[in-house]
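See below for model_10.pdb, which holds PDB, C-alpha atoms, pLDDT in the B column.
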```pdb
ATOM      1  CA  MET A 224     102.360 120.450  32.098  1.00 44.00           C
ATOM      2  CA  SER A 225      99.003 121.021  30.206  1.00 45.00           C
ATOM      3  CA  GLU A 226      96.268 123.215  31.586  1.00 45.00           C
ATOM      4  CA  GLY A 227      93.997 120.192  31.877  1.00 45.00           C
ATOM      5  CA  ASN A 228      96.154 118.728  34.681  1.00 45.00           C
ATOM      6  CA  ARG A 229      96.918 121.839  36.769  1.00 46.00           C
ATOM      7  CA  VAL A 230      94.634 124.208  38.685  1.00 43.00           C
ATOM      8  CA  THR A 231      95.722 127.804  38.120  1.00 42.00           C
ATOM      9  CA  GLY A 232      94.756 130.636  40.478  1.00 39.00           C
ATOM     10  CA  MET A 233      91.793 128.783  41.997  1.00 40.00           C
ATOM     11  CA  SER A 234      90.857 126.098  44.477  1.00 42.00           C
ATOM     12  CA  VAL A 235      88.386 123.260  44.067  1.00 42.00           C
ATOM     13  CA  ARG A 236      86.775 121.931  47.293  1.00 43.00           C
ATOM     14  CA  GLY A 237      84.966 118.748  47.979  1.00 43.00           C
ATOM     15  CA  PHE A 238      87.103 116.537  45.744  1.00 41.00           C
ATOM     16  CA  ALA A 239      86.022 112.900  45.316  1.00 39.00           C
ATOM     17  CA  VAL A 240      88.505 110.144  46.249  1.00 42.00           C
ATOM     18  CA  ALA A 241      88.852 108.995  42.642  1.00 42.00           C
ATOM     19  CA  SER A 242      91.343 111.104  40.716  1.00 42.00           C
ATOM     20  CA  ALA A 243      89.359 110.667  37.473  1.00 42.00           C
ATOM     21  CA  THR A 244      86.513 112.699  38.911  1.00 45.00           C
ATOM     22  CA  ALA A 245      89.001 115.394  39.908  1.00 43.00           C
ATOM     23  CA  VAL A 246      90.307 115.519  36.338  1.00 41.00           C
ATOM     24  CA  THR A 247      86.737 115.886  34.989  1.00 44.00           C
ATOM     25  CA  THR A 248      86.062 118.732  37.382  1.00 43.00           C
ATOM     26  CA  VAL A 249      89.178 120.615  36.434  1.00 40.00           C
ATOM     27  CA  GLY A 250      88.371 120.068  32.752  1.00 44.00           C
ATOM     28  CA  ALA A 251      84.926 121.552  33.255  1.00 44.00           C
ATOM     29  CA  ALA A 252      86.377 124.612  34.899  1.00 39.00           C
ATOM     30  CA  VAL A 253      88.817 125.093  32.047  1.00 40.00           C
ATOM     31  CA  GLY A 254      85.976 124.727  29.533  1.00 43.00           C
ATOM     32  CA  VAL A 255      84.068 127.584  31.124  1.00 40.00           C
ATOM     33  CA  ALA A 256      87.139 129.752  30.858  1.00 39.00           C
ATOM     34  CA  SER A 257      87.493 128.979  27.120  1.00 43.00           C
ATOM     35  CA  GLY A 258      83.858 129.842  26.267  1.00 46.00           C
ATOM     36  CA  GLU A 259      82.237 126.436  26.218  1.00 46.00           C
ATOM     37  CA  ASP A 260      78.609 125.942  27.092  1.00 47.00           C
ATOM     38  CA  GLN A 261      78.368 127.260  30.619  1.00 45.00           C
ATOM     39  CA  SER A 262      75.372 125.135  31.425  1.00 43.00           C
ATOM     40  CA  THR A 263      77.306 121.952  30.725  1.00 44.00           C
ATOM     41  CA  ALA A 264      80.338 123.128  32.606  1.00 42.00           C
ATOM     42  CA  THR A 265      78.285 124.400  35.497  1.00 44.00           C
ATOM     43  CA  GLY A 266      76.424 121.125  35.695  1.00 43.00           C
ATOM     44  CA  ASP A 267      79.672 119.197  35.902  1.00 44.00           C
ATOM     45  CA  VAL A 268      80.942 121.440  38.608  1.00 42.00           C
ATOM     46  CA  GLU A 269      77.734 121.202  40.600  1.00 43.00           C
ATOM     47  CA  VAL A 270      77.666 117.407  40.370  1.00 39.00           C
ATOM     48  CA  VAL A 271      81.174 117.180  41.602  1.00 41.00           C
ATOM     49  CA  ALA A 272      80.548 119.745  44.345  1.00 42.00           C
ATOM     50  CA  ALA A 273      77.518 117.795  45.494  1.00 41.00           C
ATOM     51  CA  ASP A 274      79.232 114.411  45.516  1.00 42.00           C
ATOM     52  CA  ALA A 275      82.792 115.252  46.581  1.00 42.00           C
ATOM     53  CA  THR A 276      82.901 116.062  50.302  1.00 42.00           C
ATOM     54  CA  LEU A 277      85.867 114.044  51.473  1.00 43.00           C
ATOM     55  CA  LEU A 278      89.075 115.627  50.220  1.00 44.00           C
ATOM     56  CA  ALA A 279      90.668 118.754  51.612  1.00 47.00           C
ATOM     57  CA  GLU A 280      91.388 121.879  49.689  1.00 54.00           C
ATOM     58  CA  ILE A 281      93.867 121.501  46.858  1.00 55.00           C
ATOM     59  CA  PRO A 282      96.310 124.411  46.818  1.00 57.00           C
ATOM     60  CA  ALA A 283      96.568 126.309  43.546  1.00 58.00           C
ATOM     61  CA  GLY A 284      99.080 124.841  41.152  1.00 61.00           C
ATOM     62  CA  THR A 285      98.991 121.341  42.729  1.00 62.00           C
ATOM     63  CA  SER A 286      98.735 118.254  40.541  1.00 74.00           C
ATOM     64  CA  VAL A 287      95.569 116.257  41.174  1.00 75.00           C
ATOM     65  CA  GLN A 288      97.414 112.944  40.982  1.00 79.00           C
ATOM     66  CA  ALA A 289     100.161 114.210  43.302  1.00 78.00           C
ATOM     67  CA  HIS A 290      97.652 115.420  45.865  1.00 71.00           C
ATOM     68  CA  ALA A 291      95.771 112.123  45.771  1.00 80.00           C
ATOM     69  CA  ALA A 292      99.037 110.231  46.167  1.00 82.00           C
ATOM     70  CA  ALA A 293     100.007 112.413  49.139  1.00 80.00           C
ATOM     71  CA  LEU A 294      96.694 111.728  50.862  1.00 81.00           C
ATOM     72  CA  THR A 295      97.069 108.010  50.227  1.00 86.00           C
ATOM     73  CA  GLN A 296     100.599 108.088  51.636  1.00 82.00           C
ATOM     74  CA  GLN A 297      99.397 109.962  54.714  1.00 83.00           C
ATOM     75  CA  ALA A 298      96.619 107.428  55.290  1.00 84.00           C
ATOM     76  CA  ASP A 299      99.095 104.563  54.919  1.00 82.00           C
ATOM     77  CA  ALA A 300     101.448 106.211  57.420  1.00 83.00           C
ATOM     78  CA  GLN A 301      98.645 106.674  59.944  1.00 85.00           C
ATOM     79  CA  SER A 302      97.553 103.057  59.506  1.00 83.00           C
ATOM     80  CA  SER A 303     101.133 101.842  59.961  1.00 82.00           C
ATOM     81  CA  ALA A 304     101.513 103.968  63.102  1.00 84.00           C
ATOM     82  CA  ALA A 305      98.259 102.547  64.488  1.00 85.00           C
ATOM     83  CA  ASP A 306      99.425  98.989  63.788  1.00 84.00           C
ATOM     84  CA  SER A 307     102.767  99.687  65.441  1.00 84.00           C
ATOM     85  CA  ASP A 308     101.080 101.145  68.525  1.00 83.00           C
ATOM     86  CA  ALA A 309      98.750  98.143  68.743  1.00 86.00           C
ATOM     87  CA  ARG A 310     101.713  95.759  68.542  1.00 86.00           C
ATOM     88  CA  ARG A 311     103.566  97.711  71.224  1.00 86.00           C
ATOM     89  CA  GLN A 312     100.554  97.608  73.545  1.00 88.00           C
ATOM     90  CA  ALA A 313     100.136  93.868  72.962  1.00 88.00           C
ATOM     91  CA  GLN A 314     103.818  93.256  73.702  1.00 88.00           C
ATOM     92  CA  GLU A 315     103.647  95.333  76.894  1.00 88.00           C
ATOM     93  CA  ALA A 316     100.544  93.456  78.046  1.00 89.00           C
ATOM     94  CA  ALA A 317     102.290  90.133  77.385  1.00 88.00           C
ATOM     95  CA  ARG A 318     105.374  91.292  79.311  1.00 88.00           C
ATOM     96  CA  ILE A 319     103.286  92.350  82.318  1.00 91.00           C
ATOM     97  CA  GLN A 320     101.389  89.063  82.282  1.00 86.00           C
ATOM     98  CA  ALA A 321     104.641  87.070  82.149  1.00 89.00           C
ATOM     99  CA  ALA A 322     106.105  89.087  85.029  1.00 89.00           C
ATOM    100  CA  GLU A 323     103.010  88.518  87.151  1.00 88.00           C
ATOM    101  CA  ALA A 324     103.072  84.793  86.427  1.00 88.00           C
ATOM    102  CA  ALA A 325     106.766  84.610  87.378  1.00 88.00           C
ATOM    103  CA  ALA A 326     106.086  86.480  90.629  1.00 89.00           C
ATOM    104  CA  GLU A 327     103.294  84.060  91.506  1.00 86.00           C
ATOM    105  CA  ARG A 328     105.576  81.080  90.866  1.00 87.00           C
ATOM    106  CA  ARG A 329     108.287  82.590  93.082  1.00 87.00           C
ATOM    107  CA  ALA A 330     105.786  83.257  95.865  1.00 89.00           C
ATOM    108  CA  GLU A 331     104.518  79.678  95.695  1.00 87.00           C
ATOM    109  CA  ALA A 332     108.078  78.306  95.764  1.00 87.00           C
ATOM    110  CA  ASP A 333     108.977  80.520  98.754  1.00 87.00           C
ATOM    111  CA  ALA A 334     105.873  79.424 100.641  1.00 88.00           C
ATOM    112  CA  GLU A 335     106.611  75.764  99.936  1.00 85.00           C
ATOM    113  CA  ARG A 336     110.237  76.121 101.040  1.00 85.00           C
ATOM    114  CA  GLU A 337     109.231  77.942 104.226  1.00 84.00           C
ATOM    115  CA  ALA A 338     106.693  75.247 105.077  1.00 87.00           C
ATOM    116  CA  GLN A 339     109.307  72.545 104.520  1.00 83.00           C
ATOM    117  CA  GLU A 340     111.874  74.346 106.684  1.00 84.00           C
ATOM    118  CA  GLN A 341     109.284  74.814 109.425  1.00 85.00           C
ATOM    119  CA  ALA A 342     108.437  71.118 109.326  1.00 82.00           C
ATOM    120  CA  GLU A 343     112.138  70.233 109.543  1.00 81.00           C
ATOM    121  CA  ARG A 344     112.621  72.544 112.538  1.00 81.00           C
ATOM    122  CA  GLU A 345     109.652  71.058 114.325  1.00 79.00           C
ATOM    123  CA  GLU A 346     110.908  67.548 113.650  1.00 74.00           C
ATOM    124  CA  ALA A 347     114.367  68.458 114.969  1.00 74.00           C
ATOM    125  CA  GLU A 348     112.826  69.947 118.114  1.00 70.00           C
ATOM    126  CA  ARG A 349     110.746  66.821 118.698  1.00 67.00           C
ATOM    127  CA  ALA A 350     113.816  64.635 118.240  1.00 60.00           C
ATOM    128  CA  ALA A 351     115.838  66.770 120.667  1.00 56.00           C
ATOM    129  CA  LEU A 352     113.095  66.634 123.283  1.00 54.00           C
ATOM    130  CA  ALA A 353     112.786  62.897 122.862  1.00 51.00           C
ATOM    131  CA  ALA A 354     116.535  62.442 123.240  1.00 50.00           C
ATOM    132  CA  GLN A 355     116.610  64.657 126.306  1.00 51.00           C
ATOM    133  CA  SER A 356     113.685  62.830 127.809  1.00 48.00           C
ATOM    134  CA  ALA A 357     115.328  59.483 127.153  1.00 47.00           C
ATOM    135  CA  SER A 358     118.647  60.606 128.623  1.00 47.00           C
ATOM    136  CA  SER A 359     117.072  61.967 131.796  1.00 47.00           C
ATOM    137  CA  SER A 360     114.234  59.490 132.220  1.00 49.00           C
ATOM    138  CA  ALA A 361     116.223  57.122 134.411  1.00 59.00           C
ATOM    139  CA  GLY A 362     115.748  57.783 138.102  1.00 63.00           C
ATOM    140  CA  SER A 363     117.583  56.546 141.144  1.00 62.00           C
ATOM    141  CA  GLY A 364     115.132  53.674 141.478  1.00 62.00           C
ATOM    142  CA  ASP A 365     115.725  52.394 137.951  1.00 77.00           C
ATOM    143  CA  PHE A 366     119.000  50.669 138.804  1.00 85.00           C
ATOM    144  CA  PRO A 367     119.408  47.401 140.657  1.00 85.00           C
ATOM    145  CA  ILE A 368     120.687  47.657 144.209  1.00 88.00           C
ATOM    146  CA  GLN A 369     124.237  46.329 144.644  1.00 89.00           C
ATOM    147  CA  SER A 370     126.525  45.966 147.583  1.00 90.00           C
ATOM    148  CA  SER A 371     129.172  48.043 145.806  1.00 93.00           C
ATOM    149  CA  TYR A 372     129.687  49.916 142.534  1.00 95.00           C
ATOM    150  CA  THR A 373     132.684  50.490 140.349  1.00 96.00           C
ATOM    151  CA  LYS A 374     133.569  53.892 138.891  1.00 96.00           C
ATOM    152  CA  ALA A 375     132.506  52.735 135.427  1.00 95.00           C
ATOM    153  CA  GLU A 376     129.137  51.576 136.753  1.00 95.00           C
ATOM    154  CA  ILE A 377     128.530  54.894 138.495  1.00 96.00           C
ATOM    155  CA  GLN A 378     129.486  56.812 135.368  1.00 96.00           C
ATOM    156  CA  ALA A 379     127.092  54.663 133.329  1.00 95.00           C
ATOM    157  CA  MET A 380     124.320  55.588 135.782  1.00 94.00           C
ATOM    158  CA  ALA A 381     125.143  59.283 135.439  1.00 96.00           C
ATOM    159  CA  GLN A 382     125.132  59.081 131.647  1.00 95.00           C
ATOM    160  CA  GLN A 383     121.592  57.745 131.762  1.00 94.00           C
ATOM    161  CA  MET A 384     120.363  60.265 134.308  1.00 95.00           C
ATOM    162  CA  VAL A 385     122.090  63.457 133.133  1.00 95.00           C
ATOM    163  CA  ALA A 386     121.166  65.236 129.896  1.00 95.00           C
ATOM    164  CA  ALA A 387     123.735  64.605 127.182  1.00 94.00           C
ATOM    165  CA  ASP A 388     124.676  68.277 126.813  1.00 95.00           C
ATOM    166  CA  GLN A 389     125.202  68.576 130.582  1.00 96.00           C
ATOM    167  CA  TYR A 390     127.082  65.368 131.294  1.00 96.00           C
ATOM    168  CA  THR A 391     130.589  66.732 130.673  1.00 97.00           C
ATOM    169  CA  CYS A 392     130.049  69.543 133.194  1.00 97.00           C
ATOM    170  CA  PHE A 393     128.488  67.185 135.722  1.00 97.00           C
ATOM    171  CA  SER A 394     131.339  64.698 135.298  1.00 97.00           C
ATOM    172  CA  ALA A 395     133.959  67.435 135.772  1.00 97.00           C
ATOM    173  CA  ILE A 396     132.455  68.461 139.129  1.00 97.00           C
ATOM    174  CA  VAL A 397     132.187  64.876 140.394  1.00 97.00           C
ATOM    175  CA  GLU A 398     135.746  64.132 139.273  1.00 97.00           C
ATOM    176  CA  HIS A 399     137.083  67.098 141.242  1.00 96.00           C
ATOM    177  CA  GLU A 400     134.897  66.540 144.316  1.00 96.00           C
ATOM    178  CA  SER A 401     135.145  62.781 144.826  1.00 96.00           C
ATOM    179  CA  GLY A 402     136.837  61.082 141.901  1.00 97.00           C
ATOM    180  CA  TRP A 403     133.530  59.142 141.418  1.00 97.00           C
ATOM    181  CA  ASP A 404     133.807  57.542 144.859  1.00 97.00           C
ATOM    182  CA  TYR A 405     130.277  57.436 146.240  1.00 97.00           C
ATOM    183  CA  THR A 406     131.590  56.770 149.760  1.00 97.00           C
ATOM    184  CA  ALA A 407     134.212  59.572 149.751  1.00 97.00           C
ATOM    185  CA  THR A 408     134.260  61.441 153.082  1.00 96.00           C
ATOM    186  CA  ASN A 409     136.040  64.687 153.951  1.00 95.00           C
ATOM    187  CA  PRO A 410     137.641  64.094 157.346  1.00 93.00           C
ATOM    188  CA  SER A 411     137.689  67.794 158.183  1.00 93.00           C
ATOM    189  CA  SER A 412     134.213  68.955 157.145  1.00 93.00           C
ATOM    190  CA  GLY A 413     132.292  65.700 156.964  1.00 93.00           C
ATOM    191  CA  ALA A 414     131.229  66.304 153.365  1.00 96.00           C
ATOM    192  CA  TYR A 415     130.109  63.032 151.831  1.00 97.00           C
ATOM    193  CA  GLY A 416     129.525  61.211 148.564  1.00 97.00           C
ATOM    194  CA  LEU A 417     129.990  61.903 144.871  1.00 97.00           C
ATOM    195  CA  MET A 418     129.074  65.611 145.160  1.00 96.00           C
ATOM    196  CA  GLN A 419     130.561  66.040 148.671  1.00 97.00           C
ATOM    197  CA  ALA A 420     127.263  67.204 150.120  1.00 96.00           C
ATOM    198  CA  LEU A 421     127.708  69.066 153.399  1.00 94.00           C
ATOM    199  CA  PRO A 422     126.334  67.622 155.492  1.00 94.00           C
ATOM    200  CA  GLY A 423     125.858  64.374 153.656  1.00 94.00           C
ATOM    201  CA  SER A 424     122.472  63.885 155.254  1.00 95.00           C
ATOM    202  CA  LYS A 425     121.048  66.560 152.928  1.00 95.00           C
ATOM    203  CA  MET A 426     120.940  63.872 150.250  1.00 96.00           C
ATOM    204  CA  ALA A 427     118.206  62.096 152.212  1.00 96.00           C
ATOM    205  CA  SER A 428     115.754  64.322 150.333  1.00 94.00           C
ATOM    206  CA  ALA A 429     116.488  62.151 147.273  1.00 93.00           C
ATOM    207  CA  GLY A 430     116.299  58.796 149.068  1.00 94.00           C
ATOM    208  CA  ALA A 431     116.909  57.069 152.357  1.00 94.00           C
ATOM    209  CA  ASP A 432     119.745  55.040 150.806  1.00 95.00           C
ATOM    210  CA  TRP A 433     121.839  58.138 150.077  1.00 96.00           C
ATOM    211  CA  GLN A 434     124.893  56.647 151.803  1.00 96.00           C
ATOM    212  CA  THR A 435     125.039  53.457 149.722  1.00 95.00           C
ATOM    213  CA  ASN A 436     123.299  54.181 146.410  1.00 96.00           C
ATOM    214  CA  PRO A 437     125.186  56.260 143.813  1.00 96.00           C
ATOM    215  CA  ALA A 438     121.973  56.784 141.798  1.00 96.00           C
ATOM    216  CA  THR A 439     120.368  58.516 144.798  1.00 96.00           C
ATOM    217  CA  GLN A 440     123.400  60.782 145.153  1.00 97.00           C
ATOM    218  CA  ILE A 441     123.358  61.608 141.407  1.00 97.00           C
ATOM    219  CA  SER A 442     119.656  62.455 141.598  1.00 95.00           C
ATOM    220  CA  TRP A 443     120.244  64.787 144.540  1.00 97.00           C
ATOM    221  CA  GLY A 444     123.260  66.396 142.825  1.00 96.00           C
ATOM    222  CA  LEU A 445     121.261  67.138 139.670  1.00 95.00           C
ATOM    223  CA  ASN A 446     118.462  68.777 141.657  1.00 95.00           C
ATOM    224  CA  TYR A 447     120.971  70.844 143.639  1.00 96.00           C
ATOM    225  CA  MET A 448     122.821  72.080 140.520  1.00 96.00           C
ATOM    226  CA  ASP A 449     119.593  72.894 138.694  1.00 95.00           C
ATOM    227  CA  ASP A 450     118.072  74.756 141.660  1.00 95.00           C
ATOM    228  CA  ARG A 451     121.190  76.738 142.588  1.00 95.00           C
ATOM    229  CA  TYR A 452     122.936  77.318 139.232  1.00 96.00           C
ATOM    230  CA  GLY A 453     120.348  76.508 136.596  1.00 96.00           C
ATOM    231  CA  SER A 454     122.179  73.463 135.261  1.00 96.00           C
ATOM    232  CA  PRO A 455     125.291  71.301 135.820  1.00 97.00           C
ATOM    233  CA  CYS A 456     127.169  73.527 133.346  1.00 97.00           C
ATOM    234  CA  GLY A 457     126.143  76.591 135.337  1.00 97.00           C
ATOM    235  CA  ALA A 458     127.479  74.878 138.471  1.00 97.00           C
ATOM    236  CA  TRP A 459     130.726  73.933 136.702  1.00 97.00           C
ATOM    237  CA  GLU A 460     131.265  77.520 135.554  1.00 97.00           C
ATOM    238  CA  PHE A 461     130.897  78.690 139.153  1.00 97.00           C
ATOM    239  CA  TRP A 462     133.198  75.919 140.378  1.00 96.00           C
ATOM    240  CA  GLN A 463     135.949  76.948 137.950  1.00 96.00           C
ATOM    241  CA  ALA A 464     135.853  80.508 139.280  1.00 96.00           C
ATOM    242  CA  ASN A 465     135.677  79.574 142.998  1.00 95.00           C
ATOM    243  CA  ASN A 466     136.906  75.960 143.362  1.00 93.00           C
ATOM    244  CA  TRP A 467     133.656  75.081 145.104  1.00 92.00           C
ATOM    245  CA  TYR A 468     129.979  75.156 144.257  1.00 92.00           C
TER
END
```
Could you write out this structure as C-alpha cells?
Amino acid sequence: MSEGNRVTGMSVRGFAVASATAVTTVGAAVGVASGEDQSTATGDVEVVAADATLLAEIPAGTSVQAHAAALTQQADAQSSAADSDARRQAQEAARIQAAEAAAERRAEADAEREAQEQAEREEAERAALAAQSASSSAGSGDFPIQSSYTKAEIQAMAQQMVAADQYTCFSAIVEHESGWDYTATNPSSGAYGLMQALPGSKMASAGADWQTNPATQISWGLNYMDDRYGSPCGAWEFWQANNWY
C-alpha cells in the first residue's frame, strides 16, 4: 500500500465525511514530511481541521476508505435496528388493540346473552304464575249445584281447584280417606266427606253446604292441608308416615 493511502505513526482528527477530503489531508501531511512548501501543506491541514468535525479519530495505520466504509456500515446497522424496533412496537400496539377489541366484543356478547336469559326466566315465571292462578282460581261457588256427583265429576272439580303440582298428592289422600265419596261417613268416629273431617261440621267454615257439595269439601281440605302441612304434598308425606293427617 502506498504512503499516500495510509497514515503512519499519527492520527488525523476532525475528518470530513467525504473520503476525498481525507485523502487530500493525508497527502498534505506527507508533503510536509518530504520537504514541500510548509505553508501550502499547513494551509491544507488547517482547512481540513476547520471543516472536518464529524468523524472520530482514525487509528494509525488505518485505511481512509476502510474507516469510512466501517462508519457507513455502523450507521446502516443502527438505522436497521431502529427500523426493526419501530416495527416491533407497531406490531405490539396492533396486538394490544386487537386484544382489547376482542375483549369488548366478548363482554357485549355476554351482556346480551345474560339479558336474554333473564328475560326468558322472567317469562317462564310469569307463565308458571299464570298457570297456577288458572288452576287454583276455581272456587267452591264456581260449579253448578247438583243433587249428586259422580267420582269423575268430583275429580274434575279438584283438578280445577288444586294446583297442578299438588294434585297427585291431594288425590292420593282423598283416595285413601274416602275413595272420592263426598258422603262417606266413618261409623265409629263420625268423620265425614272426601277428607274425612272430624267432626264433619268443621267444613262449615268453607260453606254451609259442606254435607252435599264436593267443591265446598275440596276448598276446606285445601285450606286445612296448607295451614297444617304447608301444602297437599306436605300432608301426603305426613300421611304416608302415620296413616293419618
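For the pair CA of Ala381 (chain A) and CA of Gln419 (chain A), the interatomic distance is 15.8 Å.
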Query raised in the report: Which distance in Å separates CA of Ala414 (chain A) and CA of Phe366 (chain A), to one decimal?
Result: 24.6 Å
Report task. Extract, using all atoms listed in the file, all DNA, RNA and protein residues at most 9 Å from Gln389 (chain A), discarding same-chain residues fewer than 6 positions from it, and format them as number ranges by chain. Result -> A: 454-456
Query raised in the report: CA of Gly430 (chain A) to CA of Asn466 (chain A): how many Å, to one decimal?
Result: 27.4 Å
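You can rank A:Gly444, A:Ile377, A:Gln320, A:His290 by their closest distance to Ser428 (chain A) using all atoms listed in the file, and at the top of that list sits A:Gly444.
Considering the residues A:Ser371, A:Gln314, A:Ser394, A:Asn436 and counting all atoms listed in the file, Trp459 (chain A) has its shortest atom-to-atom contact with A:Ser394.
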Box for region 381-395 of chain A: with edges along x, y and z, all listed atoms inside and 5 Å added on each side, what are the centre and edge lengths in Å to one decimal, as lines of an AutoDock Vina configuration file?
```
center_x = 127.2
center_y = 63.6
center_z = 131.3
size_x = 23.6
size_y = 21.8
size_z = 19.0
```
Counting all atoms listed in the file, find the residues whose atoms lie at most 12 Å from (133.7, 63.0, 143.1) (file coordinates) and write them out as a compact mmCIF listing (two decimals) with C-alpha atoms, in the coordinates of the input.
```txt
# COMPACT_ATOMS: atom_id res chain seq x y z
CA LYS A 374 133.57 53.89 138.89
CA ILE A 377 128.53 54.89 138.50
CA GLN A 378 129.49 56.81 135.37
CA PHE A 393 128.49 67.18 135.72
CA SER A 394 131.34 64.70 135.30
CA ALA A 395 133.96 67.44 135.77
CA ILE A 396 132.46 68.46 139.13
CA VAL A 397 132.19 64.88 140.39
CA GLU A 398 135.75 64.13 139.27
CA HIS A 399 137.08 67.10 141.24
CA GLU A 400 134.90 66.54 144.32
CA SER A 401 135.15 62.78 144.83
CA GLY A 402 136.84 61.08 141.90
CA TRP A 403 133.53 59.14 141.42
CA ASP A 404 133.81 57.54 144.86
CA TYR A 405 130.28 57.44 146.24
CA THR A 406 131.59 56.77 149.76
CA ALA A 407 134.21 59.57 149.75
CA THR A 408 134.26 61.44 153.08
CA ASN A 409 136.04 64.69 153.95
CA ALA A 414 131.23 66.30 153.36
CA TYR A 415 130.11 63.03 151.83
CA GLY A 416 129.52 61.21 148.56
CA LEU A 417 129.99 61.90 144.87
CA MET A 418 129.07 65.61 145.16
CA GLN A 419 130.56 66.04 148.67
CA ALA A 420 127.26 67.20 150.12
CA PRO A 437 125.19 56.26 143.81
CA GLN A 440 123.40 60.78 145.15
CA ILE A 441 123.36 61.61 141.41
CA GLY A 444 123.26 66.40 142.82
```
The residues within 12 Å of (120.5, 47.9, 153.2), using only C-alpha atoms and the coordinates of the file, should be reported as a tab-separated table (two decimals) with C-alpha atoms, in the coordinates of the input; which are they?
```
chain	number	residue	atom	x	y	z
A	368	ILE	CA	120.69	47.66	144.21
A	369	GLN	CA	124.24	46.33	144.64
A	370	SER	CA	126.52	45.97	147.58
A	371	SER	CA	129.17	48.04	145.81
A	431	ALA	CA	116.91	57.07	152.36
A	432	ASP	CA	119.74	55.04	150.81
A	433	TRP	CA	121.84	58.14	150.08
A	434	GLN	CA	124.89	56.65	151.80
A	435	THR	CA	125.04	53.46	149.72
A	436	ASN	CA	123.30	54.18	146.41
```
Query raised in the report: Looking at only C-alpha atoms, which of A:Gly457, A:Gln312, A:Arg344, A:Ala305 is the one that sits closest to Asp388 (chain A)?
Result: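 With only C-alpha atoms as the atom set, the closest residue is A:Gly457.
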